[in-house]
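Source file: upload-v2.cif; contents: mmCIF, C-alpha atoms.
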data_structure
loop_
_atom_site.label_atom_id
_atom_site.label_comp_id
_atom_site.auth_asym_id
_atom_site.auth_seq_id
_atom_site.Cartn_x
_atom_site.Cartn_y
_atom_site.Cartn_z
CA ARG A 22 -30.77 176.57 184.16
CA GLY A 23 -31.09 173.02 185.50
CA ILE A 24 -29.97 174.18 188.96
CA LYS A 25 -32.53 177.01 188.88
CA ASP A 26 -35.29 174.57 187.91
CA LYS A 27 -34.31 172.26 190.78
CA LEU A 28 -34.29 175.14 193.24
CA SER A 29 -37.68 176.28 191.95
CA GLU A 30 -39.15 172.76 192.36
CA GLN A 31 -37.66 172.56 195.84
CA LYS A 32 -39.33 175.88 196.80
CA VAL A 33 -42.68 174.67 195.51
CA TRP A 34 -42.34 171.39 197.43
CA THR A 35 -41.28 173.25 200.58
CA PHE A 36 -44.29 175.56 200.20
CA LEU A 37 -46.69 172.65 199.69
CA ASN A 38 -45.15 170.78 202.59
CA PHE A 39 -45.50 173.81 204.86
CA ASN A 40 -49.14 174.33 203.92
CA MET A 41 -50.11 170.65 203.95
CA ASP A 42 -52.69 169.41 206.42
CA PRO A 43 -50.74 167.80 209.28
CA LYS A 44 -52.84 164.63 208.97
CA LEU A 45 -52.09 164.37 205.24
CA LYS A 46 -48.39 165.06 205.84
CA GLU A 47 -48.33 162.27 208.40
CA ILE A 48 -49.88 159.87 205.86
CA GLU A 49 -47.43 160.99 203.13
CA ASP A 50 -44.52 160.34 205.50
CA LYS A 51 -45.99 156.92 206.25
CA ILE A 52 -46.14 156.13 202.51
CA VAL A 53 -42.51 157.20 202.04
CA ASP A 54 -41.39 155.11 205.02
CA ALA A 55 -43.33 152.07 203.78
CA ARG A 56 -41.73 152.34 200.33
CA GLU A 57 -38.23 152.67 201.77
CA ASN A 58 -38.34 150.26 204.69
CA LEU A 59 -41.39 148.00 204.50
CA GLY A 60 -43.18 145.70 202.06
CA ASP A 61 -45.86 146.08 199.35
CA THR A 62 -48.72 145.36 201.76
CA GLU A 63 -47.70 148.25 204.05
CA VAL A 64 -47.37 150.57 201.03
CA VAL A 65 -50.90 149.70 199.84
CA ASN A 66 -52.33 150.16 203.35
CA ALA A 67 -50.71 153.61 203.63
CA ILE A 68 -52.06 154.62 200.20
CA LEU A 69 -55.52 153.42 201.24
CA GLU A 70 -55.26 155.56 204.36
CA LYS A 71 -54.58 158.52 202.10
CA ALA A 72 -57.58 157.62 199.91
CA GLU A 73 -59.80 157.45 203.00
CA TYR A 74 -58.48 160.85 204.07
CA TYR A 75 -59.53 162.38 200.75
CA THR A 76 -62.90 160.61 200.99
CA GLU A 77 -63.55 162.14 204.42
CA LYS A 78 -62.59 165.55 203.02
CA GLU A 79 -65.06 164.94 200.13
CA ASP A 80 -62.23 165.41 197.63
CA LYS A 81 -63.71 163.05 195.05
CA GLU A 82 -61.06 163.50 192.35
CA ASN A 83 -58.07 162.81 194.62
CA ALA A 84 -59.91 160.02 196.44
CA GLU A 85 -60.63 158.18 193.18
CA LYS A 86 -57.09 158.74 191.91
CA THR A 87 -55.56 157.44 195.17
CA TYR A 88 -57.84 154.39 195.37
CA LEU A 89 -56.88 153.50 191.79
CA GLU A 90 -53.21 153.84 192.73
CA ALA A 91 -53.79 151.39 195.58
CA LEU A 92 -55.77 149.06 193.29
CA GLU A 93 -52.89 148.93 190.81
CA LYS A 94 -50.52 147.77 193.56
CA THR A 95 -52.96 145.28 195.14
CA VAL A 96 -52.57 141.55 194.47
CA GLY A 97 -55.36 139.79 196.41
CA ILE A 98 -58.78 139.64 194.70
CA GLY A 99 -60.64 140.25 197.98
CA LYS A 100 -58.73 143.48 198.64
CA LYS A 101 -59.30 144.58 195.05
CA ILE A 102 -63.06 144.13 195.48
CA ASP A 103 -62.97 146.17 198.72
CA ILE A 104 -61.21 149.03 196.92
CA VAL A 105 -63.65 149.02 194.01
CA LEU A 106 -66.63 148.94 196.39
CA ALA A 107 -65.14 151.99 198.13
CA LEU A 108 -65.18 153.73 194.74
CA VAL A 109 -68.83 152.70 194.28
CA ARG A 110 -69.60 154.35 197.65
CA ILE A 111 -67.93 157.57 196.53
CA GLY A 112 -70.10 157.55 193.40
CA CYS A 113 -73.16 156.88 195.55
CA ASN A 114 -72.39 159.66 198.03
CA THR A 115 -71.76 162.18 195.23
CA ASP A 116 -74.75 160.98 193.13
CA ASP A 117 -72.38 160.07 190.28
CA ARG A 118 -74.29 157.20 188.68
CA VAL A 119 -71.83 156.81 185.83
CA MET A 120 -69.06 156.26 188.38
CA MET A 121 -71.25 153.83 190.33
CA LYS A 122 -72.04 151.75 187.24
CA LYS A 123 -68.39 151.71 186.14
CA TYR A 124 -67.12 150.32 189.44
CA ILE A 125 -70.09 148.00 190.01
CA ASP A 126 -69.28 146.40 186.66
CA GLN A 127 -65.62 146.13 187.68
CA SER A 128 -66.65 144.50 190.98
CA VAL A 129 -68.69 141.93 189.07
CA LYS A 130 -65.63 141.05 186.95
CA PHE A 131 -63.45 140.65 190.04
CA LEU A 132 -66.08 138.45 191.70
CA GLU A 133 -66.06 136.19 188.66
CA GLU A 134 -62.38 135.57 189.45
CA GLY A 135 -63.07 134.88 193.13
CA GLY A 136 -64.42 136.52 196.27
CA ASP A 137 -66.28 135.29 199.34
CA TRP A 138 -70.05 135.29 200.03
CA GLU A 139 -69.84 138.43 202.18
CA ARG A 140 -68.40 140.52 199.36
CA ARG A 141 -70.92 139.05 196.90
CA ASN A 142 -73.71 139.99 199.28
CA LYS A 143 -72.31 143.50 199.75
CA LEU A 144 -72.22 143.98 195.98
CA LYS A 145 -75.90 142.97 195.74
CA VAL A 146 -76.82 145.76 198.18
CA TYR A 147 -74.73 148.27 196.19
CA GLN A 148 -76.41 147.10 192.98
CA ALA A 149 -79.81 147.43 194.67
CA VAL A 150 -79.06 151.03 195.70
CA TYR A 151 -77.97 151.82 192.14
CA ALA A 152 -81.20 150.24 190.83
CA VAL A 153 -83.25 152.46 193.18
CA MET A 154 -81.35 155.54 191.98
CA ILE A 155 -82.11 154.76 188.32
CA ARG A 156 -85.73 153.84 189.19
CA ASP A 157 -85.50 150.12 188.42
CA PHE A 158 -87.59 149.11 191.43
CA LYS A 159 -88.12 145.48 190.38
CA GLU A 160 -84.38 144.84 190.11
CA ALA A 161 -83.82 146.66 193.40
CA ALA A 162 -86.49 144.57 195.17
CA THR A 163 -85.01 141.31 193.90
CA LEU A 164 -81.49 142.27 194.99
CA PHE A 165 -82.60 143.51 198.44
CA LEU A 166 -84.61 140.32 199.02
CA ASP A 167 -81.62 138.19 198.01
CA SER A 168 -79.32 139.96 200.46
CA ILE A 169 -81.50 140.85 203.46
CA ALA A 170 -80.97 137.56 205.32
CA THR A 171 -77.17 137.97 205.27
CA PHE A 172 -76.94 141.77 205.24
CA THR A 173 -73.55 143.21 206.29
CA SER A 174 -73.39 146.47 204.28
CA TYR A 175 -73.60 148.80 207.28
CA GLU A 176 -71.15 151.19 205.61
CA ILE A 177 -73.85 152.22 203.11
CA MET A 178 -77.07 151.90 205.16
CA SER A 179 -78.52 150.57 208.40
CA TYR A 180 -80.35 147.25 208.55
CA LYS A 181 -83.63 149.08 209.24
CA ASP A 182 -83.11 151.14 206.09
CA CYS A 183 -82.48 147.94 204.14
CA VAL A 184 -85.81 146.56 205.39
CA PHE A 185 -87.51 149.85 204.45
CA TYR A 186 -86.14 149.83 200.89
CA THR A 187 -86.96 146.14 200.51
CA VAL A 188 -90.64 146.69 201.34
CA ILE A 189 -90.97 149.95 199.41
CA THR A 190 -89.49 148.53 196.21
CA SER A 191 -91.27 145.17 196.53
CA VAL A 192 -94.86 146.41 196.86
CA VAL A 193 -94.59 148.61 193.77
CA SER A 194 -92.99 146.01 191.51
CA LEU A 195 -93.75 142.43 192.59
CA ASP A 196 -96.95 140.37 192.28
CA ARG A 197 -99.05 139.36 195.30
CA PRO A 198 -97.82 135.73 195.56
CA THR A 199 -94.19 136.90 195.57
CA ILE A 200 -94.93 139.62 198.14
CA LYS A 201 -96.62 137.03 200.36
CA GLU A 202 -93.83 134.47 200.03
CA ARG A 203 -90.73 136.69 200.14
CA VAL A 204 -91.82 139.83 202.01
CA ILE A 205 -94.74 139.16 204.36
CA ASN A 206 -93.41 135.71 205.34
CA SER A 207 -89.82 136.91 205.69
CA THR A 208 -88.52 136.43 209.24
CA GLU A 209 -86.01 139.27 208.81
CA ILE A 210 -88.68 141.72 207.70
CA LEU A 211 -91.22 140.62 210.33
CA THR A 212 -88.63 141.07 213.08
CA ASN A 213 -87.80 144.67 212.12
CA ILE A 214 -90.85 146.14 210.39
CA ARG A 215 -92.53 147.26 213.63
CA GLU A 216 -89.56 149.53 214.35
CA ILE A 217 -90.09 151.45 211.10
CA GLU A 218 -92.93 153.93 211.43
CA ASN A 219 -95.99 153.27 209.23
CA LEU A 220 -94.30 150.49 207.23
CA LYS A 221 -96.20 147.57 208.80
CA PRO A 222 -99.71 148.99 208.12
CA TYR A 223 -98.53 150.08 204.66
CA LEU A 224 -97.58 146.51 203.74
CA GLU A 225 -100.34 144.64 205.56
CA CYS A 226 -103.23 146.90 204.54
CA LEU A 227 -102.21 146.59 200.90
CA TYR A 228 -102.07 142.80 201.05
CA LYS A 229 -105.31 142.49 203.06
CA CYS A 230 -107.09 144.91 200.68
CA ASP A 231 -107.76 147.45 203.45
CA TYR A 232 -107.46 150.37 201.06
CA ASN A 233 -108.58 153.05 203.48
CA GLY A 234 -105.93 151.96 205.98
CA PHE A 235 -103.37 151.65 203.18
CA PHE A 236 -103.87 155.25 202.03
CA LYS A 237 -103.56 156.57 205.58
CA ALA A 238 -100.20 154.82 205.92
CA PHE A 239 -99.24 155.81 202.37
CA VAL A 240 -99.60 159.52 203.18
CA GLU A 241 -97.05 159.13 205.99
CA ILE A 242 -94.72 157.01 203.86
CA ILE A 243 -94.76 159.71 201.16
CA GLU A 244 -93.45 162.26 203.65
CA ARG A 245 -90.44 160.04 204.29
CA LEU A 246 -89.88 159.44 200.57
CA LYS A 247 -89.72 163.19 199.95
CA THR A 248 -86.60 163.49 202.10
CA ASP A 249 -85.03 160.11 201.33
CA LYS A 250 -81.50 160.14 199.93
CA TYR A 251 -82.27 157.75 197.08
CA LEU A 252 -86.04 158.00 196.58
CA ALA A 253 -86.76 161.74 196.90
CA GLU A 254 -86.45 162.47 193.18
CA HIS A 255 -88.69 159.50 192.36
CA THR A 256 -91.48 160.35 194.82
CA ARG A 257 -94.04 161.54 192.25
CA TYR A 258 -93.38 158.53 190.04
CA TYR A 259 -93.66 156.17 193.02
CA ILE A 260 -96.98 157.70 194.13
CA ARG A 261 -98.41 157.28 190.63
CA GLU A 262 -97.23 153.67 190.31
CA MET A 263 -98.57 152.69 193.74
CA ARG A 264 -101.97 154.17 192.93
CA ILE A 265 -102.05 152.05 189.79
CA VAL A 266 -101.08 148.96 191.82
CA VAL A 267 -103.88 149.42 194.37
CA TYR A 268 -106.55 150.41 191.80
CA LYS A 269 -105.74 147.36 189.66
CA GLN A 270 -105.76 145.12 192.72
CA PHE A 271 -109.21 146.43 193.74
CA LEU A 272 -110.70 146.09 190.25
CA GLU A 273 -109.44 142.51 189.77
CA ALA A 274 -112.10 141.40 192.28
CA TYR A 275 -115.02 142.93 190.34
CA LYS A 276 -116.59 142.78 186.92
CA SER A 277 -118.32 146.07 187.71
CA VAL A 278 -118.46 148.42 190.68
CA THR A 279 -119.90 151.88 191.25
CA LEU A 280 -117.62 154.88 191.45
CA GLU A 281 -119.09 155.73 194.84
CA ASN A 282 -118.34 152.30 196.31
CA MET A 283 -114.77 152.25 195.03
CA ALA A 284 -114.14 155.84 196.19
CA SER A 285 -115.54 154.97 199.61
CA ALA A 286 -113.17 151.99 199.88
CA PHE A 287 -110.19 154.28 199.28
CA GLY A 288 -111.45 157.17 201.40
CA ILE A 289 -111.42 159.61 198.47
CA SER A 290 -114.11 161.49 196.53
CA ALA A 291 -115.83 159.95 193.50
CA ASP A 292 -114.85 162.97 191.37
CA PHE A 293 -111.18 162.55 192.24
CA LEU A 294 -111.33 158.81 191.51
CA ASP A 295 -113.13 159.44 188.20
CA LYS A 296 -110.47 161.91 187.09
CA GLU A 297 -107.56 159.70 188.14
CA LEU A 298 -108.93 156.47 186.67
CA SER A 299 -109.69 158.25 183.39
CA GLU A 300 -106.05 159.31 183.17
CA PHE A 301 -104.77 155.78 183.82
CA ILE A 302 -107.27 154.25 181.37
CA SER A 303 -106.31 156.66 178.58
CA SER A 304 -102.61 155.87 179.10
CA GLY A 305 -103.33 152.12 178.91
CA ARG A 306 -102.23 151.40 182.49
CA ILE A 307 -105.61 150.15 183.75
CA ASN A 308 -108.04 147.96 181.80
CA CYS A 309 -111.55 149.18 182.56
CA LYS A 310 -114.31 151.48 181.29
CA ILE A 311 -116.28 154.14 183.15
CA ASP A 312 -119.97 154.58 182.38
CA LYS A 313 -120.41 158.14 183.61
CA VAL A 314 -124.18 158.10 183.01
CA VAL A 315 -124.81 155.47 185.69
CA GLY A 316 -121.54 155.98 187.56
CA VAL A 317 -120.26 152.43 187.09
CA ILE A 318 -116.76 151.12 186.43
CA GLU A 319 -116.68 148.04 184.21
CA SER A 320 -113.51 146.02 184.65
CA SER A 321 -112.08 144.36 181.56
CA GLN A 322 -109.19 142.27 182.83
CA PRO A 323 -107.10 140.75 180.02
CA ASP A 324 -107.54 137.04 179.35
CA GLU A 325 -104.06 135.60 180.00
CA ARG A 326 -104.73 132.45 177.95
CA ASN A 327 -105.95 134.48 174.98
CA LEU A 328 -102.93 136.81 175.23
CA LEU A 329 -100.56 133.83 175.18
CA TYR A 330 -102.42 132.39 172.17
CA GLN A 331 -102.18 135.68 170.28
CA LYS A 332 -98.47 135.94 171.10
CA ALA A 333 -97.85 132.37 169.88
CA VAL A 334 -99.71 133.04 166.61
CA LYS A 335 -97.78 136.27 166.06
CA GLN A 336 -94.44 134.54 166.68
CA GLY A 337 -95.47 131.64 164.44
CA ASP A 338 -96.35 134.02 161.60
CA PHE A 339 -93.02 135.77 162.02
CA LEU A 340 -91.15 132.43 161.88
CA LEU A 341 -93.05 131.29 158.75
CA ASN A 342 -92.22 134.57 157.01
CA ARG A 343 -88.52 134.12 157.84
CA ILE A 344 -88.56 130.53 156.50
CA HIS A 345 -90.34 131.70 153.33
CA LYS A 346 -87.71 134.39 152.72
CA LEU A 347 -84.92 131.91 153.44
CA SER A 348 -86.34 129.36 150.99
CA LYS A 349 -85.99 131.91 148.17
CA VAL A 350 -82.20 132.07 148.57
CA ILE A 351 -81.48 128.48 149.68
CA ASP A 352 -82.52 125.47 147.64
CA ILE A 353 -84.36 123.24 150.08
#
Now, as a test, write the supplied structure out as C-alpha cells.
Amino acid sequence: RGIKDKLSEQKVWTFLNFNMDPKLKEIEDKIVDARENLGDTEVVNAILEKAEYYTEKEDKENAEKTYLEALEKTVGIGKKIDIVLALVRIGCNTDDRVMMKKYIDQSVKFLEEGGDWERRNKLKVYQAVYAVMIRDFKEAATLFLDSIATFTSYEIMSYKDCVFYTVITSVVSLDRPTIKERVINSTEILTNIREIENLKPYLECLYKCDYNGFFKAFVEIIERLKTDKYLAEHTRYYIREMRIVVYKQFLEAYKSVTLENMASAFGISADFLDKELSEFISSGRINCKIDKVVGVIESSQPDERNLLYQKAVKQGDFLLNRIHKLSKVIDI
C-alpha cells in the first residue's frame, strides 16, 4: 500500500510539474537549488521571486502565503519591513482593508525595533492611503503632508498623485492657517500643482474666497474623484463636506447676508442655496438661521471662549461628583 501511495504521489507531482507555468517551474527549481547549494539569503530571495510571481498573476492567497514564508526565514529588520509593505500593497490593490490594517500594524511594530527614514516615510504614505480608503481625511492629510517632502513610494502612486491627494484631503479637513502654512506655502506642492489639471484654482480660489471660481474648479475635480481608485466611493460624501467647508467659510465673514448675495457669490440659485443650507442647519453642521420672509441669513458663529468656559464647568461638576462619591467610601 505504501508503494502504491508513493507512486500515486509521484504521478500527481509529475502531472503538476508538466502543467506548471514555465516561469513558476524555473522559480521552483531556483528555490530547490538555493536550499541545496546556497545560503539562507539566496533561499529568501528565490521565495520572494515566487511571491512576486503570484502577485503579478493576482493570486492573492498564494502571494500572501509565499511572502509570509519568506518573512519567517528573514533575519534583517529592513527586509522584514519590505516584505510586510508588499503585503500591504496586495491588500490595497485588492481593496482588502482588513489585510491592509493587519500588515500596517505589523510594519509599525517592526519599525519600533529599527528601520531607516525611507521605510518610515513609505509607511506614512501607505497609512495615508489606508486613511483615505476608510474616509479619515484629516489623518490622511497629516500623513501626506509629513511625507511629501521626502516621498519615495513610487510603487504605490506617482508623485503628482501624492500632491493631488495631499491637497484634496487637506482642504476638506484642515483649518485655514494650517492650509496656508503647510499646503499653499509648500515648495513641493507649488512646484507640481500646475501640472495637475484644475487643482491650482481649486486650492487658491478656496483660500482667496473666490467662491465662483472655486465651484467651477470643483465641478472638474469631482469628475476626477468619480473615477479615482481610492476616492470614487467617497465622492458624494466629499462633495457634501466641501460644500459645508465653503459655506461656513463664507458665513464667518458676516453677521447677516441676503440669500441672493450669497447665492450670487457661489454662482448658484437662491432656491438651491436655501434648500441646501436648511439641510445643513437642521443637521447641526452650520450655525445660522434663515429668515425666509426677508430672505436673510443670520450667522450665529459659536463663541469659542464661552464654549471653553461651559466645557470647564461641565468637567468641574463631573470631578466634584466623583470626589463626593469617593468621600462616601473613603474616610478623608
For segment 288-301 of chain A, work out the shell of residues within 10 Å, counting only C-alpha atoms and skipping chain neighbours fewer than 3 positions away, then give it as a PyMOL selection string. chain A and resi 232-237+261+264-265+268+279-285+304-311+313+316+318
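Take the candidates A:Ser194, A:Ala238, A:Glu225, A:Val278 and check each one against Glu262 of chain A using all atoms listed in the file; the shortest distance goes to A:Ser194.
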Choose the residue, out of A:Ile214, A:Leu272, A:Cys113, A:Ala170, that has the smallest atom-to-atom separation from Ala286 of chain A; count all atoms listed in the file.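 So, comparing all the options, the nearest one is A:Leu272.
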Evaluate the PyMOL selection byres ((chain A and resi 200) around 12) and record the selected residues as an NGL selection string, following the chain and residue labels used in the document. :A and (159 or 162-163 or 166 or 187-199 or 201-207 or 210 or 224-225 or 227-229)
Next, the residues of the selection above should be written as a short mmCIF file (atom, residue, chain, number, x, y, z; two decimals), keeping the file's coordinate frame with C-alpha atoms.
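Output below, filename result.cif:
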data_model
loop_
_atom_site.label_atom_id
_atom_site.label_comp_id
_atom_site.auth_asym_id
_atom_site.auth_seq_id
_atom_site.Cartn_x
_atom_site.Cartn_y
_atom_site.Cartn_z
CA LYS A 159 -88.12 145.48 190.38
CA ALA A 162 -86.49 144.57 195.17
CA THR A 163 -85.01 141.31 193.90
CA LEU A 166 -84.61 140.32 199.02
CA THR A 187 -86.96 146.14 200.51
CA VAL A 188 -90.64 146.69 201.34
CA ILE A 189 -90.97 149.95 199.41
CA THR A 190 -89.49 148.53 196.21
CA SER A 191 -91.27 145.17 196.53
CA VAL A 192 -94.86 146.41 196.86
CA VAL A 193 -94.59 148.61 193.77
CA SER A 194 -92.99 146.01 191.51
CA LEU A 195 -93.75 142.43 192.59
CA ASP A 196 -96.95 140.37 192.28
CA ARG A 197 -99.05 139.36 195.30
CA PRO A 198 -97.82 135.73 195.56
CA THR A 199 -94.19 136.90 195.57
CA LYS A 201 -96.62 137.03 200.36
CA GLU A 202 -93.83 134.47 200.03
CA ARG A 203 -90.73 136.69 200.14
CA VAL A 204 -91.82 139.83 202.01
CA ILE A 205 -94.74 139.16 204.36
CA ASN A 206 -93.41 135.71 205.34
CA SER A 207 -89.82 136.91 205.69
CA ILE A 210 -88.68 141.72 207.70
CA LEU A 224 -97.58 146.51 203.74
CA GLU A 225 -100.34 144.64 205.56
CA LEU A 227 -102.21 146.59 200.90
CA TYR A 228 -102.07 142.80 201.05
CA LYS A 229 -105.31 142.49 203.06
#
Under the rule that all atoms listed in the file are counted, which of A:Gln148, A:Ser174, A:Thr115, A:Thr76 is the nearest residue to Val129 of chain A? A:Gln148
Please identify all polymer residues lying at most 12 Å from the point (-66.0, 149.6, 189.0) (file coordinates), using only C-alpha atoms, and present the result as a ChimeraX atom specification. /A:85,88-89,92,101-112,118-132,144,147-148
Mind listing as a list in words all residues within 7 Å of (-47.6, 152.5, 195.4), counting all atoms listed in the file? Val64, Val65, Ile68, Glu90, Ala91 and Lys94 of chain A
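Nearest-residue note for Thr173 of chain A: choosing from A:Phe185, A:Glu218, A:Arg140, A:Glu319, the minimum distance belongs to A:Arg140, counting all atoms listed in the file.
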May I have the residues within 10 Å of Asp54 of chain A as a list in words, using all atoms listed in the file and disregarding those fewer than 6 positions away in the same chain?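 Everything that qualifies: Ile48, Glu63, Val64 and Ala67 of chain A.
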Atomic separation - atom CA of Val184 of chain A relative to atom CA of Glu73 of chain A, Å: 28.3 Å
Top pick for closest residue to Glu216 of chain A, considering A:Ile302, A:Glu77, A:Arg141, A:Asp182 and counting all atoms listed in the file: A:Asp182
So that I can check the surroundings of Tyr186 of chain A, please list as a ChimeraX atom specification every protein, DNA and RNA residue that reaches within 9 Å of it, counting only C-alpha atoms and ignoring chain neighbours fewer than 6 positions away. /A:150,153,161-162,165
Taken to one decimal, the atom CA of Glu160 of chain A-atom CA of Glu254 of chain A distance is 18.0 Å
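For the set A:Gly135, A:Tyr259, A:Asn83, A:Ala72, the residue with the smallest atom-to-atom gap to Lys100 of chain A is A:Gly135, counting all atoms listed in the file.
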I need the residue set behind the PyMOL selection byres ((chain A and resi 219) around 7) for this file; please write it as JSON, numbers by chain. {"A": [217, 218, 220, 221, 222, 223, 238, 241, 242]}
Based on the selection just made, write C-alpha atoms of those residues as an mmCIF file, in the coordinates of the input.
data_model
loop_
_atom_site.group_PDB
_atom_site.id
_atom_site.type_symbol
_atom_site.label_atom_id
_atom_site.label_comp_id
_atom_site.auth_asym_id
_atom_site.auth_seq_id
_atom_site.Cartn_x
_atom_site.Cartn_y
_atom_site.Cartn_z
ATOM 1 C CA ILE A 217 -90.090 151.450 211.100
ATOM 2 C CA GLU A 218 -92.930 153.930 211.430
ATOM 3 C CA LEU A 220 -94.300 150.490 207.230
ATOM 4 C CA LYS A 221 -96.200 147.570 208.800
ATOM 5 C CA PRO A 222 -99.710 148.990 208.120
ATOM 6 C CA TYR A 223 -98.530 150.080 204.660
ATOM 7 C CA ALA A 238 -100.200 154.820 205.920
ATOM 8 C CA GLU A 241 -97.050 159.130 205.990
ATOM 9 C CA ILE A 242 -94.720 157.010 203.860
#
